[in-house]
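Visitor: So that you have it, the file is upload-v9.csv, and it contains CSV, C-alpha atoms:
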chain,number,residue,atom,x,y,z
A,1,MET,CA,-43.3,3.6,-76.8
A,2,LYS,CA,-40.4,1.3,-76.1
A,3,LEU,CA,-36.6,1.5,-75.7
A,4,THR,CA,-34.3,-0.4,-77.9
A,5,ASP,CA,-31.6,-2.5,-76.3
A,6,ASN,CA,-28.9,0.0,-77.3
A,7,PHE,CA,-30.8,2.8,-75.7
A,8,LYS,CA,-28.6,5.6,-74.2
A,9,LEU,CA,-29.1,9.1,-73.1
A,10,GLU,CA,-26.8,11.8,-71.9
A,11,ARG,CA,-28.2,14.6,-69.7
A,12,TYR,CA,-27.0,16.9,-66.9
A,13,GLY,CA,-23.5,15.5,-67.2
A,14,ILE,CA,-24.8,11.9,-66.6
A,15,TYR,CA,-24.8,9.1,-69.2
A,16,VAL,CA,-27.4,6.3,-68.9
A,17,ARG,CA,-27.9,3.0,-70.8
A,18,LEU,CA,-29.6,-0.3,-70.2
A,19,VAL,CA,-27.7,-2.9,-68.1
A,20,ASN,CA,-26.3,-6.0,-69.6
A,21,GLU,CA,-24.6,-9.1,-68.1
A,22,ASP,CA,-21.2,-7.4,-68.1
A,23,ASP,CA,-22.6,-5.0,-65.4
A,24,ALA,CA,-23.2,-7.9,-63.0
A,25,ASP,CA,-20.1,-7.3,-60.9
A,26,PHE,CA,-20.8,-3.6,-60.5
A,27,ILE,CA,-24.5,-4.3,-59.6
A,28,VAL,CA,-23.5,-6.9,-56.9
A,29,LYS,CA,-20.8,-4.7,-55.4
A,30,LEU,CA,-23.2,-1.7,-55.2
A,31,ARG,CA,-26.2,-3.5,-54.0
A,32,THR,CA,-24.3,-5.4,-51.3
A,33,ASP,CA,-22.4,-2.3,-50.1
A,34,PRO,CA,-22.9,-2.2,-46.3
A,35,LYS,CA,-22.8,1.6,-46.3
A,36,LEU,CA,-26.0,1.8,-48.3
A,37,GLY,CA,-28.2,1.0,-45.4
A,38,ARG,CA,-31.2,-1.1,-44.6
A,39,HIS,CA,-33.6,0.2,-47.3
A,40,ILE,CA,-32.1,-1.7,-50.2
A,41,HIS,CA,-33.7,-5.1,-50.9
A,42,TYR,CA,-31.3,-8.1,-50.3
A,43,THR,CA,-29.1,-9.1,-53.2
A,44,GLU,CA,-27.0,-12.2,-53.1
A,45,ASN,CA,-23.2,-11.5,-53.3
A,46,ASP,CA,-22.8,-13.8,-56.3
A,47,THR,CA,-21.9,-12.3,-59.7
A,48,GLU,CA,-22.9,-15.5,-61.7
A,49,LYS,CA,-26.4,-15.5,-60.1
A,50,GLN,CA,-26.6,-11.8,-61.0
A,51,LYS,CA,-25.7,-12.6,-64.6
A,52,GLU,CA,-28.5,-15.2,-64.6
A,53,TRP,CA,-30.9,-12.6,-63.2
A,54,ILE,CA,-29.9,-10.1,-65.9
A,55,SER,CA,-30.4,-12.7,-68.6
A,56,ASN,CA,-33.9,-13.3,-67.4
A,57,TYR,CA,-34.5,-9.5,-67.1
A,58,LYS,CA,-33.4,-9.1,-70.8
A,59,GLN,CA,-36.4,-11.2,-71.7
A,60,ARG,CA,-38.7,-8.8,-69.8
A,61,GLU,CA,-36.9,-5.9,-71.5
A,62,LYS,CA,-37.8,-7.4,-74.9
A,63,GLU,CA,-41.4,-7.8,-73.8
A,64,GLU,CA,-41.3,-4.0,-72.9
A,65,ASN,CA,-42.2,-4.7,-69.3
A,66,ASP,CA,-39.0,-3.9,-67.5
A,67,TYR,CA,-36.0,-1.6,-68.1
A,68,TYR,CA,-33.0,-1.6,-65.9
A,69,PHE,CA,-30.6,1.4,-66.1
A,70,ILE,CA,-27.0,2.0,-65.2
A,71,PHE,CA,-25.8,5.6,-64.8
A,72,TYR,CA,-22.3,6.9,-65.4
A,73,TYR,CA,-20.7,10.1,-64.1
A,74,GLU,CA,-17.2,11.1,-65.2
A,75,ASN,CA,-17.0,7.8,-67.1
A,76,GLU,CA,-17.5,5.7,-64.0
A,77,PRO,CA,-20.6,3.7,-63.2
A,78,VAL,CA,-22.3,5.3,-60.2
A,79,GLY,CA,-25.9,4.2,-59.9
A,80,LEU,CA,-28.8,1.9,-60.9
A,81,CYS,CA,-32.6,2.3,-61.3
A,82,ARG,CA,-35.4,0.4,-62.8
A,83,ILE,CA,-38.7,1.0,-64.5
A,84,TYR,CA,-40.9,-2.1,-64.3
A,85,ASP,CA,-44.4,-3.4,-64.2
A,86,ILE,CA,-45.2,-1.4,-67.3
A,87,GLU,CA,-48.8,-1.7,-68.2
A,88,GLY,CA,-50.8,0.8,-70.3
A,89,GLU,CA,-50.1,4.3,-68.9
A,90,TYR,CA,-48.5,3.0,-65.8
A,91,GLY,CA,-45.1,1.9,-64.7
A,92,THR,CA,-43.1,1.7,-61.5
A,93,SER,CA,-39.7,3.3,-60.8
A,94,GLY,CA,-37.6,1.6,-58.1
A,95,SER,CA,-34.5,-0.3,-57.2
A,96,TRP,CA,-32.7,3.1,-57.0
A,97,VAL,CA,-29.2,2.9,-55.6
A,98,CYS,CA,-26.1,5.1,-56.1
A,99,LYS,CA,-22.5,4.9,-54.9
A,100,PRO,CA,-21.8,6.8,-51.7
A,101,GLY,CA,-19.7,9.9,-51.8
A,102,LEU,CA,-20.9,11.3,-55.1
A,103,PRO,CA,-21.4,15.0,-55.6
A,104,LEU,CA,-24.7,15.9,-53.9
A,105,ASP,CA,-26.7,16.5,-57.1
A,106,ILE,CA,-25.7,13.4,-59.0
A,107,PRO,CA,-27.9,10.8,-57.3
A,108,ILE,CA,-30.9,13.2,-57.3
A,109,LEU,CA,-30.3,13.8,-61.0
A,110,THR,CA,-30.4,10.0,-61.7
A,111,LEU,CA,-33.8,10.0,-60.1
A,112,ILE,CA,-35.0,12.9,-62.3
A,113,ILE,CA,-33.6,11.2,-65.4
A,114,THR,CA,-35.4,8.0,-64.6
A,115,ARG,CA,-38.7,9.9,-64.5
A,116,GLU,CA,-37.8,11.7,-67.7
A,117,ILE,CA,-37.3,8.4,-69.4
A,118,MET,CA,-40.5,7.1,-67.9
A,119,PHE,CA,-42.6,10.1,-69.0
A,120,ASP,CA,-40.9,11.4,-72.1
A,121,GLU,CA,-39.2,8.4,-73.7
A,122,LEU,CA,-41.7,5.7,-72.8
A,123,ASN,CA,-44.6,8.2,-72.7
A,124,LEU,CA,-46.1,6.7,-69.6
A,125,GLN,CA,-48.5,8.9,-67.7
A,126,TYR,CA,-48.1,7.7,-64.1
A,127,ASP,CA,-45.4,6.2,-61.9
A,128,ARG,CA,-46.9,4.1,-59.1
A,129,TYR,CA,-44.9,2.8,-56.3
A,130,ASP,CA,-44.9,2.1,-52.6
A,131,ILE,CA,-42.7,3.2,-49.7
A,132,ARG,CA,-42.3,1.6,-46.3
A,133,LYS,CA,-43.9,3.8,-43.6
A,134,GLN,CA,-40.6,3.8,-41.6
A,135,ASN,CA,-38.6,5.1,-44.6
A,136,THR,CA,-39.1,8.7,-43.7
A,137,LYS,CA,-36.4,10.1,-46.0
A,138,SER,CA,-37.9,8.4,-49.1
A,139,LEU,CA,-41.3,9.7,-48.0
A,140,ARG,CA,-39.9,13.3,-47.9
A,141,MET,CA,-38.3,12.8,-51.3
A,142,ASN,CA,-41.7,11.6,-52.5
A,143,ASP,CA,-43.2,14.9,-51.4
A,144,LEU,CA,-40.5,16.8,-53.2
A,145,PHE,CA,-41.2,14.9,-56.4
A,146,GLY,CA,-45.0,15.4,-56.1
A,147,GLY,CA,-46.3,11.9,-55.6
A,148,THR,CA,-49.9,11.6,-54.3
A,149,LYS,CA,-50.8,8.9,-51.7
A,150,THR,CA,-53.5,6.6,-53.1
A,151,ARG,CA,-53.8,4.0,-50.2
A,152,GLU,CA,-51.9,2.5,-47.4
A,153,THR,CA,-51.4,-0.8,-45.6
A,154,GLU,CA,-50.0,-1.5,-42.1
A,155,LEU,CA,-46.5,-1.3,-43.5
A,156,ASP,CA,-46.6,0.7,-46.7
A,157,TYR,CA,-47.9,3.9,-48.3
A,158,TYR,CA,-48.8,3.6,-52.0
A,159,PHE,CA,-48.3,6.6,-54.3
A,160,GLU,CA,-48.9,7.8,-57.8
A,161,LEU,CA,-46.9,10.4,-59.5
A,162,SER,CA,-48.4,11.9,-62.7
A,163,LYS,CA,-46.4,13.2,-65.6
A,164,GLU,CA,-47.8,16.7,-65.1
A,165,ALA,CA,-47.0,16.8,-61.3
A,166,PHE,CA,-43.5,15.6,-62.0
A,167,LYS,CA,-42.9,18.4,-64.6
A,168,THR,CA,-43.8,21.1,-62.1
A,169,LYS,CA,-41.7,19.6,-59.3
A,170,LYS,CA,-38.8,18.8,-61.6
A,171,ASN,CA,-38.3,22.5,-62.5
A,172,TYR,CA,-38.1,23.4,-58.8
A,173,LEU,CA,-35.7,20.6,-58.1
A,174,LEU,CA,-33.4,21.6,-61.0
A,175,GLU,CA,-33.5,25.2,-59.8
A,176,LEU,CA,-32.5,24.0,-56.3
A,177,LEU,CA,-29.7,22.0,-57.8
A,178,SER,CA,-28.6,25.1,-59.9
A,179,ILE,CA,-29.0,23.0,-63.0
A,180,ASN,CA,-29.7,24.8,-66.3
A,181,ARG,CA,-32.3,23.0,-68.3
B,1,MET,CA,-31.1,34.3,-37.6
B,2,GLU,CA,-30.1,32.3,-34.6
B,3,LEU,CA,-27.5,29.6,-34.6
B,4,ASP,CA,-29.4,27.4,-32.1
B,5,LYS,CA,-32.6,27.5,-34.2
B,6,PHE,CA,-30.5,26.8,-37.4
B,7,ILE,CA,-28.9,23.7,-35.8
B,8,GLU,CA,-32.4,22.5,-34.8
B,9,ASP,CA,-33.7,23.0,-38.3
B,10,PHE,CA,-30.6,21.3,-39.7
B,11,ALA,CA,-31.0,18.3,-37.3
B,12,LEU,CA,-34.6,17.8,-38.4
B,13,GLN,CA,-33.4,16.7,-41.8
B,14,PHE,CA,-31.9,13.6,-40.2
B,15,ASP,CA,-33.8,10.9,-38.5
B,16,GLU,CA,-31.3,8.3,-37.4
B,17,THR,CA,-28.5,10.5,-35.9
B,18,ASP,CA,-28.5,11.2,-32.2
B,19,PRO,CA,-29.6,14.8,-31.8
B,20,ALA,CA,-26.7,15.3,-29.3
B,21,GLU,CA,-24.4,15.0,-32.3
B,22,PHE,CA,-25.5,18.3,-33.8
B,23,LYS,CA,-23.2,21.0,-32.6
B,24,PRO,CA,-21.7,24.1,-34.3
B,25,GLU,CA,-18.4,22.2,-34.8
B,26,THR,CA,-20.0,19.0,-36.2
B,27,ARG,CA,-18.5,18.1,-39.5
B,28,PHE,CA,-21.8,17.2,-41.0
B,29,ARG,CA,-20.6,15.5,-44.2
B,30,GLU,CA,-18.8,13.0,-42.0
B,31,LEU,CA,-22.0,11.9,-40.2
B,32,GLU,CA,-22.9,8.4,-41.2
B,33,GLU,CA,-26.4,9.4,-42.2
B,34,TRP,CA,-25.2,12.2,-44.5
B,35,SER,CA,-26.3,11.5,-48.1
B,36,SER,CA,-27.4,13.3,-51.3
B,37,VAL,CA,-31.0,12.9,-50.1
B,38,VAL,CA,-30.2,14.6,-46.7
B,39,GLY,CA,-28.2,17.2,-48.7
B,40,LEU,CA,-31.2,18.0,-50.8
B,41,LEU,CA,-33.4,18.2,-47.8
B,42,VAL,CA,-31.0,20.7,-46.2
B,43,ILE,CA,-31.1,22.8,-49.5
B,44,VAL,CA,-34.9,22.7,-49.4
B,45,MET,CA,-34.9,23.7,-45.7
B,46,ALA,CA,-32.6,26.6,-46.4
B,47,ASP,CA,-34.9,27.7,-49.3
B,48,GLU,CA,-38.1,27.4,-47.4
B,49,LYS,CA,-37.1,28.6,-43.9
B,50,TYR,CA,-34.3,31.1,-44.7
B,51,LYS,CA,-35.1,32.0,-48.4
B,52,VAL,CA,-31.5,31.2,-49.3
B,53,ARG,CA,-30.6,29.0,-52.3
B,54,LEU,CA,-27.6,26.9,-51.4
B,55,ASN,CA,-25.6,25.3,-54.2
B,56,ARG,CA,-23.2,22.4,-54.4
B,57,ASP,CA,-20.2,24.7,-53.7
B,58,HIS,CA,-21.8,26.1,-50.5
B,59,ILE,CA,-22.2,22.6,-49.2
B,60,VAL,CA,-18.8,21.3,-50.4
B,61,ASN,CA,-17.0,24.4,-48.9
B,62,SER,CA,-18.7,24.1,-45.6
B,63,LYS,CA,-17.0,21.7,-43.2
B,64,THR,CA,-19.1,22.3,-40.1
B,65,ILE,CA,-22.7,23.2,-39.3
B,66,TYR,CA,-21.4,26.6,-38.2
B,67,ASP,CA,-19.8,27.1,-41.6
B,68,LEU,CA,-23.1,26.4,-43.3
B,69,TYR,CA,-24.9,28.7,-40.9
B,70,LYS,CA,-22.5,31.5,-41.8
B,71,VAL,CA,-23.1,30.9,-45.5
B,72,ILE,CA,-26.8,31.1,-45.1
B,73,GLU,CA,-26.5,34.1,-42.8
B,74,SER,CA,-24.3,35.9,-45.4
B,75,GLU,CA,-26.6,35.0,-48.3
B,76,HIS,CA,-29.6,36.1,-46.3
B,77,ASN,CA,-28.0,39.4,-45.4
B,78,LYS,CA,-27.1,40.0,-49.0
B,79,MET,CA,-30.8,39.8,-49.9
B,80,ALA,CA,-31.7,42.1,-47.1
B,81,VAL,CA,-29.5,44.9,-48.5
Hey, can you dump this file as structure tokens for me?

Guide:
Amino acid sequence: MKLTDNFKLERYGIYVRLVNEDDADFIVKLRTDPKLGRHIHYTENDTEKQKEWISNYKQREKEENDYYFIFYYENEPVGLCRIYDIEGEYGTSGSWVCKPGLPLDIPILTLIITREIMFDELNLQYDRYDIRKQNTKSLRMNDLFGGTKTRETELDYYFELSKEAFKTKKNYLLELLSINR
Amino acid sequence: MELDKFIEDFALQFDETDPAEFKPETRFRELEEWSSVVGLLVIVMADEKYKVRLNRDHIVNSKTIYDLYKVIESEHNKMAV
């Protein structure tokens, strides 16, 4: 299945849609926020270049290979996440980043929504991704979401999260966050 | 339930903050490392180790580690009755 360019979804009080060039300024500000730590990949602080990047991305979106989402909470943009390298039953979720200072459950819910889109809207069966060995908190989050380690290199662990494993863990996470499904 | 043990469990959810920073009076949401991910790990820790389900309000209404300890102690005692 694919997403149309006007895809939107509202769930758990969060609104999500695909990014477009008008989001470039928000993306640059968020991804270059010094408070967001060392685990975010480098992004150049240049809105025009970001617009160019989004324009290239829109081509990959048309090819159904890459989807880049922007999340809103209380009518404000608060976070970003991507599903990319889509091939057959597989895709990769990543590039997750949220504004600091949000209510505790909101960033976690954006992660859950991304996997719901992946498994329920796109009907993929597996999310495969890698995490730096030194990124201990992401590794612990991976445990909470139910990802299984498939291999490792000197620097990274590689994981696979199945649709079924996610379903089970999602229910527990929503319970912990006191969210009614 | 002991305060020292709780502080130790709480501190284990962080991996960049100096362990000496974790005291009863520490305003944990002001720690640089505090984030939604750490918050979720604290909720999981409370559930797994103390069998207490913390919610967003419990966290928001607790300023210090001691405040959170008292919430967990109170919820834990409610279950024991």

Visitor: Name the residues in contact with Glu154 in chain A at a cut-off of 12 Å, using only C-alpha atoms, excluding same-chain residues fewer than 4 positions from it; report them as a list in words.

Guide: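 Close residues of Glu154 in chain A: Ile131, Arg132, Lys133, Gln134 and Tyr158 of chain A.
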
Visitor: Write the residues of the preceding selection, restricted to C-alpha atoms, as a PDB file, keeping the file's coordinate frame.

Guide:
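Listed below is the output, part30.pdb:
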ATOM      1  CA  ILE A 131     -42.700   3.200 -49.700  1.00  0.00           C
ATOM      2  CA  ARG A 132     -42.300   1.600 -46.300  1.00  0.00           C
ATOM      3  CA  LYS A 133     -43.900   3.800 -43.600  1.00  0.00           C
ATOM      4  CA  GLN A 134     -40.600   3.800 -41.600  1.00  0.00           C
ATOM      5  CA  TYR A 158     -48.800   3.600 -52.000  1.00  0.00           C
TER       6      TYR A 158
END

Visitor: Residues of chain A near chain B: apply a cut-off of 9 Å, count all atoms listed in the file, and supply the list as a ChimeraX atom specification.

Guide: /A:35,100-108,136-138,140-141,144,173,175-178

Visitor: When you draw a straight line from CA of Glu89 in chain A to CA of Leu124 in chain A, how long is it in Å?

Guide: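 Computing the Euclidean distance for CA of Glu89 in chain A and CA of Leu124 in chain A yields 4.7 Å.
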
Visitor: Between A:Arg82, A:Lys2, A:His41, A:Lys167, which is the closest to Phe69 in chain A once you count only C-alpha atoms?

Guide: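 Under the stated criterion, the closest residue is A:Arg82.
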
Visitor: So the first atom is CA of Ser55 in chain A and the second is CA of Asp25 in chain A; what is the distance between them in Å, to one decimal place?

Guide: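 One can read the CA of Ser55 in chain A to CA of Asp25 in chain A distance as 13.9 Å.
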
Visitor: Point out the residue among B:Glu48, B:Glu73, B:Asp67, B:Asp9 with the least atom-to-atom distance to Glu25 in chain B, counting only C-alpha atoms.

Guide: B:Asp67

Visitor: Skipping near chain neighbours, those fewer than 4 positions away, what residues fall within 12 Å of Tyr66 in chain B using all atoms listed in the file, listed as a ChimeraX atom specification?

Guide: /B:2-7,10,22-28,59,61-62,70-73

Visitor: What is the distance between CA of Leu36 in chain A and CA of Gln50 in chain A, in Å to one decimal?

Guide: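 Separating CA of Leu36 in chain A from CA of Gln50 in chain A is a distance of 18.6 Å.
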
Visitor: Point out the residue among A:Arg128, A:Trp96, A:Lys49, A:Ile112 with the least atom-to-atom distance to Tyr172 in chain A, counting all atoms listed in the file.

Guide: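 When distances to Tyr172 in chain A are compared using all atoms listed in the file, the smallest one comes from A:Ile112.
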
Visitor: Mind dumping range 61-76 of chain B from that block, keeping N, CA and C atoms, as a PDB file, in the first residue's frame?

Guide:
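Contents of out.pdb, as written:
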ATOM      1  N   ASN B  61       3.521  16.497  38.633  1.00  0.00           N
ATOM      2  CA  ASN B  61       3.311  17.061  39.974  1.00  0.00           C
ATOM      3  C   ASN B  61       4.469  16.797  40.940  1.00  0.00           C
ATOM      4  N   SER B  62       5.424  16.007  40.518  1.00  0.00           N
ATOM      5  CA  SER B  62       6.587  15.740  41.375  1.00  0.00           C
ATOM      6  C   SER B  62       7.738  16.652  40.958  1.00  0.00           C
ATOM      7  N   LYS B  63       8.202  17.435  41.894  1.00  0.00           N
ATOM      8  CA  LYS B  63       9.324  18.316  41.547  1.00  0.00           C
ATOM      9  C   LYS B  63      10.659  17.604  41.786  1.00  0.00           C
ATOM     10  N   THR B  64      10.733  16.916  42.908  1.00  0.00           N
ATOM     11  CA  THR B  64      12.011  16.300  43.292  1.00  0.00           C
ATOM     12  C   THR B  64      11.915  14.771  43.241  1.00  0.00           C
ATOM     13  N   ILE B  65      13.077  14.150  43.343  1.00  0.00           N
ATOM     14  CA  ILE B  65      13.093  12.680  43.383  1.00  0.00           C
ATOM     15  C   ILE B  65      12.328  12.206  44.620  1.00  0.00           C
ATOM     16  N   TYR B  66      12.457  12.940  45.705  1.00  0.00           N
ATOM     17  CA  TYR B  66      11.739  12.556  46.931  1.00  0.00           C
ATOM     18  C   TYR B  66      10.222  12.616  46.709  1.00  0.00           C
ATOM     19  N   ASP B  67       9.746  13.644  46.000  1.00  0.00           N
ATOM     20  CA  ASP B  67       8.308  13.739  45.699  1.00  0.00           C
ATOM     21  C   ASP B  67       7.842  12.478  44.961  1.00  0.00           C
ATOM     22  N   LEU B  68       8.642  12.077  43.988  1.00  0.00           N
ATOM     23  CA  LEU B  68       8.267  10.908  43.189  1.00  0.00           C
ATOM     24  C   LEU B  68       8.296   9.640  44.051  1.00  0.00           C
ATOM     25  N   TYR B  69       9.277   9.568  44.894  1.00  0.00           N
ATOM     26  CA  TYR B  69       9.374   8.444  45.829  1.00  0.00           C
ATOM     27  C   TYR B  69       8.100   8.358  46.684  1.00  0.00           C
ATOM     28  N   LYS B  70       7.642   9.511  47.174  1.00  0.00           N
ATOM     29  CA  LYS B  70       6.443   9.522  48.031  1.00  0.00           C
ATOM     30  C   LYS B  70       5.196   9.081  47.241  1.00  0.00           C
ATOM     31  N   VAL B  71       5.137   9.491  45.958  1.00  0.00           N
ATOM     32  CA  VAL B  71       4.011   9.067  45.117  1.00  0.00           C
ATOM     33  C   VAL B  71       4.018   7.545  44.983  1.00  0.00           C
ATOM     34  N   ILE B  72       5.190   7.013  44.682  1.00  0.00           N
ATOM     35  CA  ILE B  72       5.281   5.562  44.479  1.00  0.00           C
ATOM     36  C   ILE B  72       4.987   4.829  45.784  1.00  0.00           C
ATOM     37  N   GLU B  73       5.520   5.350  46.872  1.00  0.00           N
ATOM     38  CA  GLU B  73       5.271   4.727  48.177  1.00  0.00           C
ATOM     39  C   GLU B  73       3.767   4.729  48.480  1.00  0.00           C
ATOM     40  N   SER B  74       3.122   5.874  48.235  1.00  0.00           N
ATOM     41  CA  SER B  74       1.698   5.997  48.514  1.00  0.00           C
ATOM     42  C   SER B  74       0.879   5.029  47.642  1.00  0.00           C
ATOM     43  N   GLU B  75       1.200   4.984  46.329  1.00  0.00           N
ATOM     44  CA  GLU B  75       0.473   4.087  45.415  1.00  0.00           C
ATOM     45  C   GLU B  75       0.722   2.629  45.788  1.00  0.00           C
ATOM     46  N   HIS B  76       1.957   2.355  46.180  1.00  0.00           N
ATOM     47  CA  HIS B  76       2.331   0.989  46.568  1.00  0.00           C
ATOM     48  C   HIS B  76       1.545   0.574  47.817  1.00  0.00           C
TER      49      HIS B  76
END
